[in-house]
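**Q** Dropping the structure in here first, questions after.
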Amino acid sequence: MEDINKKLVDEYDRLDKIKKEIEDKIANIKSEMIILAKMKNTKALFGTHKICSIKEYDKVVYPEDKNFFSKLIKKNGLYDVFSQINYSRLGSAIIRKDISINKEILDIIKITKDYRITLIDKGL
């Protein structure tokens, strides 16, 4: 039984390390693709079997202290609208500069540029 435990934990550890390495490699490749697309002034890069769409978008970065932010949303009467803080809906409202989002909320969030990278099958 101890041998099975050891094998499972060791295998999980091995796979977790591989996963982290792969995630790092993917992040680096995405970064390089974004730089290349900017240099070429394009929104698509072409591979052998896939097209890679690279689209810039505004990404809302919320404060780390979710408790404080939740209280602020409630205080400003937005909690009923966004209930369980649907960050996607709230983010869209912030990007649209919806008038229901007051300055106090806007002052503690940041809007950064980010990229969505999507692979599209060429159909070959």
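Quick note on naming: the chains in the structure tokens go A, B, ... in the order shown, residues restart at 1 in each chain, and ligands are numbered from 1 in order of appearance.
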Counting only C-alpha atoms, which residues in range 28-89 of chain A sit no more than 10 Å from range 119-123 of chain A? For each one, give the nearest pair of atoms and the distance in Å, sorted by chain then residue number, as CSV.
**A**
```
residue,atom,partner,partner_atom,distance
A:Ala44,CA,A:Leu119,CA,9.6
A:Leu45,CA,A:Leu119,CA,9.5
A:Phe46,CA,A:Lys122,CA,9.1
A:Gly47,CA,A:Lys122,CA,9.0
A:Thr48,CA,A:Lys122,CA,8.4
A:His49,CA,A:Lys122,CA,5.7
A:Lys50,CA,A:Asp121,CA,4.7
A:Ile51,CA,A:Ile120,CA,5.0
A:Cys52,CA,A:Leu119,CA,4.6
A:Ser53,CA,A:Leu119,CA,6.4
A:Ile54,CA,A:Leu119,CA,9.1
```
**Q** Which one is closest to Lys113 in chain A: A:Arg89, A:Lys59, A:Lys38, A:Lys30? Count only C-alpha atoms.
**A**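 Once distances to Lys113 in chain A are computed over only C-alpha atoms, the minimum belongs to A:Lys59.
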**Q** I'd like to know which of A:Ala27, A:Met1, A:Ile22, A:Leu72 is closest to Glu104 in chain A, using only C-alpha atoms.
**A**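 Using only C-alpha atoms, Glu104 in chain A sits closest to A:Leu72.
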**Q** Please give the complete set of residues from chain A that DSSP, run on the backbone, assigns to strand (DSSP E), formatted as a tab-separated table (two decimals) with all heavy atoms, in the first residue's frame.
**A**
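Output file out.tsv follows:
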```tsv
chain	number	residue	atom	x	y	z
A	44	ALA	N	-3.04	38.50	-37.02
A	44	ALA	CA	-3.04	37.06	-37.27
A	44	ALA	C	-1.65	36.59	-37.67
A	44	ALA	O	-0.94	37.27	-38.41
A	44	ALA	CB	-4.04	36.71	-38.37
A	45	LEU	N	-1.28	35.44	-37.15
A	45	LEU	CA	-0.04	34.77	-37.55
A	45	LEU	C	-0.44	33.41	-38.09
A	45	LEU	O	-1.41	32.79	-37.62
A	45	LEU	CB	0.90	34.62	-36.36
A	45	LEU	CG	1.40	35.92	-35.71
A	45	LEU	CD1	2.24	35.61	-34.46
A	45	LEU	CD2	2.19	36.76	-36.69
A	46	PHE	N	0.29	32.94	-39.08
A	46	PHE	CA	-0.09	31.71	-39.76
A	46	PHE	C	0.92	30.59	-39.49
A	46	PHE	O	2.12	30.78	-39.64
A	46	PHE	CB	-0.20	31.96	-41.27
A	46	PHE	CG	-1.27	32.96	-41.60
A	46	PHE	CD1	-0.99	34.32	-41.60
A	46	PHE	CD2	-2.55	32.54	-41.88
A	46	PHE	CE1	-1.98	35.25	-41.88
A	46	PHE	CE2	-3.55	33.46	-42.17
A	46	PHE	CZ	-3.26	34.83	-42.16
A	50	LYS	N	-2.71	25.91	-38.44
A	50	LYS	CA	-3.58	26.80	-37.67
A	50	LYS	C	-3.26	28.25	-38.00
A	50	LYS	O	-2.15	28.60	-38.39
A	50	LYS	CB	-3.37	26.61	-36.16
A	50	LYS	CG	-3.59	25.20	-35.65
A	50	LYS	CD	-5.03	24.92	-35.41
A	50	LYS	CE	-5.17	23.52	-34.79
A	50	LYS	NZ	-6.52	23.20	-34.49
A	51	ILE	N	-4.27	29.08	-37.80
A	51	ILE	CA	-4.11	30.53	-37.84
A	51	ILE	C	-4.23	30.98	-36.39
A	51	ILE	O	-5.12	30.54	-35.66
A	51	ILE	CB	-5.21	31.20	-38.69
A	51	ILE	CG1	-5.14	30.71	-40.13
A	51	ILE	CG2	-5.10	32.71	-38.61
A	51	ILE	CD1	-6.34	31.12	-40.97
A	52	CYS	N	-3.37	31.87	-35.98
A	52	CYS	CA	-3.41	32.37	-34.62
A	52	CYS	C	-3.92	33.81	-34.64
A	52	CYS	O	-3.26	34.71	-35.16
A	52	CYS	CB	-2.01	32.31	-34.00
A	52	CYS	SG	-2.00	32.82	-32.29
A	53	SER	N	-5.10	34.01	-34.09
A	53	SER	CA	-5.69	35.34	-33.99
A	53	SER	C	-5.18	36.00	-32.71
A	53	SER	O	-5.22	35.39	-31.64
A	53	SER	CB	-7.22	35.21	-33.95
A	53	SER	OG	-7.81	36.41	-33.54
A	54	ILE	N	-4.71	37.24	-32.83
A	54	ILE	CA	-4.17	37.97	-31.68
A	54	ILE	C	-4.91	39.29	-31.59
A	54	ILE	O	-4.76	40.15	-32.44
A	54	ILE	CB	-2.66	38.19	-31.82
A	54	ILE	CG1	-1.96	36.84	-31.93
A	54	ILE	CG2	-2.12	39.01	-30.65
A	54	ILE	CD1	-0.51	36.92	-32.30
A	55	LYS	N	-5.76	39.43	-30.58
A	55	LYS	CA	-6.60	40.61	-30.44
A	55	LYS	C	-6.31	41.30	-29.11
A	55	LYS	O	-6.35	40.68	-28.06
A	55	LYS	CB	-8.08	40.25	-30.51
A	55	LYS	CG	-8.49	39.70	-31.85
A	55	LYS	CD	-9.96	39.37	-31.89
A	55	LYS	CE	-10.32	38.77	-33.24
A	55	LYS	NZ	-11.68	38.31	-33.28
A	56	GLU	N	-6.04	42.59	-29.17
A	56	GLU	CA	-5.84	43.38	-27.97
A	56	GLU	C	-7.20	43.73	-27.38
A	56	GLU	O	-8.15	43.98	-28.12
A	56	GLU	CB	-5.08	44.66	-28.30
A	56	GLU	CG	-4.70	45.46	-27.09
A	56	GLU	CD	-3.89	46.69	-27.45
A	56	GLU	OE1	-4.32	47.47	-28.31
A	56	GLU	OE2	-2.82	46.85	-26.86
A	57	TYR	N	-7.30	43.72	-26.06
A	57	TYR	CA	-8.55	44.10	-25.41
A	57	TYR	C	-8.22	44.76	-24.08
A	57	TYR	O	-7.11	44.64	-23.57
A	57	TYR	CB	-9.48	42.90	-25.20
A	57	TYR	CG	-8.99	41.89	-24.19
A	57	TYR	CD1	-9.47	41.91	-22.88
A	57	TYR	CD2	-8.07	40.90	-24.52
A	57	TYR	CE1	-9.04	41.00	-21.94
A	57	TYR	CE2	-7.63	39.98	-23.59
A	57	TYR	CZ	-8.12	40.03	-22.30
A	57	TYR	OH	-7.68	39.13	-21.37
A	58	ASP	N	-9.17	45.50	-23.55
A	58	ASP	CA	-9.02	46.14	-22.25
A	58	ASP	C	-9.38	45.13	-21.17
A	58	ASP	O	-10.47	44.56	-21.20
A	58	ASP	CB	-9.92	47.36	-22.13
A	58	ASP	CG	-9.48	48.48	-23.04
A	58	ASP	OD1	-8.26	48.62	-23.25
A	58	ASP	OD2	-10.35	49.21	-23.54
A	59	LYS	N	-8.49	44.92	-20.25
A	59	LYS	CA	-8.68	43.97	-19.16
A	59	LYS	C	-8.75	44.73	-17.85
A	59	LYS	O	-7.86	45.52	-17.54
A	59	LYS	CB	-7.52	42.98	-19.13
A	59	LYS	CG	-7.57	41.99	-17.99
A	59	LYS	CD	-6.35	41.08	-18.04
A	59	LYS	CE	-6.30	40.17	-16.84
A	59	LYS	NZ	-5.10	39.33	-16.84
A	60	VAL	N	-9.80	44.52	-17.09
A	60	VAL	CA	-9.96	45.16	-15.79
A	60	VAL	C	-9.22	44.33	-14.75
A	60	VAL	O	-9.43	43.13	-14.65
A	60	VAL	CB	-11.45	45.30	-15.40
A	60	VAL	CG1	-11.60	45.88	-14.01
A	60	VAL	CG2	-12.20	46.14	-16.43
A	61	VAL	N	-8.35	44.98	-13.97
A	61	VAL	CA	-7.61	44.31	-12.91
A	61	VAL	C	-8.17	44.79	-11.58
A	61	VAL	O	-8.06	45.97	-11.24
A	61	VAL	CB	-6.09	44.62	-13.00
A	61	VAL	CG1	-5.33	43.90	-11.89
A	61	VAL	CG2	-5.56	44.23	-14.37
A	110	LYS	N	-7.59	49.06	-12.05
A	110	LYS	CA	-6.71	49.43	-13.15
A	110	LYS	C	-7.26	48.81	-14.43
A	110	LYS	O	-7.87	47.75	-14.38
A	110	LYS	CB	-5.30	48.88	-12.94
A	110	LYS	CG	-4.56	49.47	-11.78
A	110	LYS	CD	-3.16	48.91	-11.68
A	110	LYS	CE	-3.20	47.53	-11.08
A	110	LYS	NZ	-1.95	46.91	-10.76
A	111	ILE	N	-7.05	49.48	-15.53
A	111	ILE	CA	-7.38	48.90	-16.83
A	111	ILE	C	-6.07	48.75	-17.57
A	111	ILE	O	-5.33	49.72	-17.74
A	111	ILE	CB	-8.37	49.78	-17.61
A	111	ILE	CG1	-9.69	49.87	-16.85
A	111	ILE	CG2	-8.57	49.22	-19.02
A	111	ILE	CD1	-10.73	50.78	-17.48
A	112	THR	N	-5.75	47.52	-17.92
A	112	THR	CA	-4.51	47.23	-18.63
A	112	THR	C	-4.83	46.64	-19.99
A	112	THR	O	-5.96	46.20	-20.23
A	112	THR	CB	-3.64	46.24	-17.84
A	112	THR	OG1	-4.34	44.99	-17.72
A	112	THR	CG2	-3.28	46.76	-16.46
A	113	LYS	N	-3.86	46.62	-20.85
A	113	LYS	CA	-4.02	45.97	-22.14
A	113	LYS	C	-3.62	44.51	-21.97
A	113	LYS	O	-2.64	44.19	-21.31
A	113	LYS	CB	-3.13	46.62	-23.21
A	113	LYS	CG	-3.52	48.05	-23.53
A	113	LYS	CD	-4.84	48.11	-24.24
A	113	LYS	CE	-5.18	49.55	-24.62
A	113	LYS	NZ	-6.54	49.68	-25.08
A	114	ASP	N	-4.38	43.63	-22.57
A	114	ASP	CA	-4.05	42.22	-22.56
A	114	ASP	C	-4.38	41.68	-23.94
A	114	ASP	O	-4.92	42.40	-24.77
A	114	ASP	CB	-4.85	41.49	-21.47
A	114	ASP	CG	-4.12	40.24	-20.97
A	114	ASP	OD1	-3.16	39.79	-21.65
A	114	ASP	OD2	-4.51	39.70	-19.93
A	115	TYR	N	-4.09	40.43	-24.16
A	115	TYR	CA	-4.31	39.84	-25.48
A	115	TYR	C	-5.02	38.51	-25.36
A	115	TYR	O	-4.74	37.72	-24.47
A	115	TYR	CB	-2.97	39.64	-26.21
A	115	TYR	CG	-2.31	40.95	-26.54
A	115	TYR	CD1	-1.50	41.60	-25.62
A	115	TYR	CD2	-2.54	41.56	-27.75
A	115	TYR	CE1	-0.93	42.81	-25.91
A	115	TYR	CE2	-1.97	42.78	-28.06
A	115	TYR	CZ	-1.16	43.40	-27.14
A	115	TYR	OH	-0.60	44.60	-27.42
A	116	ARG	N	-5.95	38.30	-26.28
A	116	ARG	CA	-6.61	37.01	-26.41
A	116	ARG	C	-5.97	36.34	-27.61
A	116	ARG	O	-5.95	36.90	-28.70
A	116	ARG	CB	-8.10	37.23	-26.70
A	116	ARG	CG	-8.98	36.63	-25.67
A	116	ARG	CD	-10.46	36.89	-25.98
A	116	ARG	NE	-11.03	37.48	-24.79
A	116	ARG	CZ	-11.43	38.73	-24.67
A	116	ARG	NH1	-11.36	39.54	-25.67
A	116	ARG	NH2	-11.91	39.17	-23.54
A	117	ILE	N	-5.47	35.15	-27.41
A	117	ILE	CA	-4.84	34.40	-28.50
A	117	ILE	C	-5.67	33.17	-28.76
A	117	ILE	O	-5.93	32.37	-27.86
A	117	ILE	CB	-3.39	34.04	-28.15
A	117	ILE	CG1	-2.58	35.33	-27.99
A	117	ILE	CG2	-2.81	33.11	-29.19
A	117	ILE	CD1	-1.15	35.11	-27.62
A	118	THR	N	-6.11	33.03	-30.01
A	118	THR	CA	-6.99	31.93	-30.37
A	118	THR	C	-6.43	31.21	-31.59
A	118	THR	O	-6.05	31.86	-32.57
A	118	THR	CB	-8.40	32.47	-30.74
A	118	THR	OG1	-8.84	33.33	-29.69
A	118	THR	CG2	-9.39	31.34	-30.92
A	119	LEU	N	-6.38	29.90	-31.53
A	119	LEU	CA	-5.97	29.13	-32.70
A	119	LEU	C	-7.19	28.77	-33.52
A	119	LEU	O	-8.22	28.35	-32.97
A	119	LEU	CB	-5.25	27.85	-32.27
A	119	LEU	CG	-3.85	28.01	-31.71
A	119	LEU	CD1	-3.32	26.66	-31.24
A	119	LEU	CD2	-2.91	28.62	-32.71
A	120	ILE	N	-7.10	28.94	-34.82
A	120	ILE	CA	-8.20	28.64	-35.73
A	120	ILE	C	-7.70	27.61	-36.73
A	120	ILE	O	-6.64	27.80	-37.35
A	120	ILE	CB	-8.68	29.92	-36.45
A	120	ILE	CG1	-9.06	30.99	-35.42
A	120	ILE	CG2	-9.82	29.62	-37.42
A	120	ILE	CD1	-9.15	32.38	-35.98
A	121	ASP	N	-8.45	26.55	-36.91
A	121	ASP	CA	-8.06	25.49	-37.84
A	121	ASP	C	-8.17	26.01	-39.27
A	121	ASP	O	-9.16	26.61	-39.65
A	121	ASP	CB	-8.98	24.28	-37.65
A	121	ASP	CG	-8.35	23.00	-38.11
A	121	ASP	OD1	-7.39	23.06	-38.91
A	121	ASP	OD2	-8.81	21.93	-37.67
```
**Q** Using DSSP assignments from the backbone, pull out every residue in range 3-98 of chain A that falls under helix (DSSP H, G or I) and give it to me as a PyMOL selection string.
**A** chain A and resi 3-40+66-75+79-82+87-95
**Q** Under the rule that only C-alpha atoms are counted, which of A:Ile4, A:Leu90, A:Ile101, A:Ile108 is the nearest residue to Asn76 in chain A?
**A**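 Comparing A:Ile4, A:Leu90, A:Ile101, A:Ile108 against Asn76 in chain A, the winner is A:Ile101.
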**Q** Return the single residue from A:Glu32, A:Ile105, A:Asp24, A:Lys75 that is closest to Gly91 in chain A, with distances computed using only C-alpha atoms.
**A**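 Nearest to Gly91 in chain A: A:Ile105.
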**Q** Grab the CA of Asn86 in chain A to CA of Ser31 in chain A distance for me, in Å with one decimal place.
**A**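 Separation of CA of Asn86 in chain A and CA of Ser31 in chain A: 28.0 Å.
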**Q** Given only C-alpha atoms as the basis, pick out the residue of A:Asp10, A:Val81, A:Ser100, A:Ile109 nearest to Asp65 in chain A.
**A**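 Between A:Asp10, A:Val81, A:Ser100, A:Ile109, the residue approaching Asp65 in chain A most closely is A:Ile109.
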**Q** Would you please work out which residue, of A:Leu106, A:Met33, A:Ile18, A:Ile94, is nearest to Pro63 in chain A when using only C-alpha atoms?
**A**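 That would be A:Leu106, the residue with the smallest distance to Pro63 in chain A.
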**Q** Between CA of Arg96 in chain A and CA of Lys43 in chain A, what is the distance, to one decimal in Å?
**A**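 Separation of CA of Arg96 in chain A and CA of Lys43 in chain A: 23.0 Å.
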**Q** For CA of Leu78 in chain A and CA of Ile99 in chain A, determine how far apart the two atoms are, in Å to one decimal place.
**A**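 Going from CA of Leu78 in chain A over to CA of Ile99 in chain A, I get 11.4 Å.
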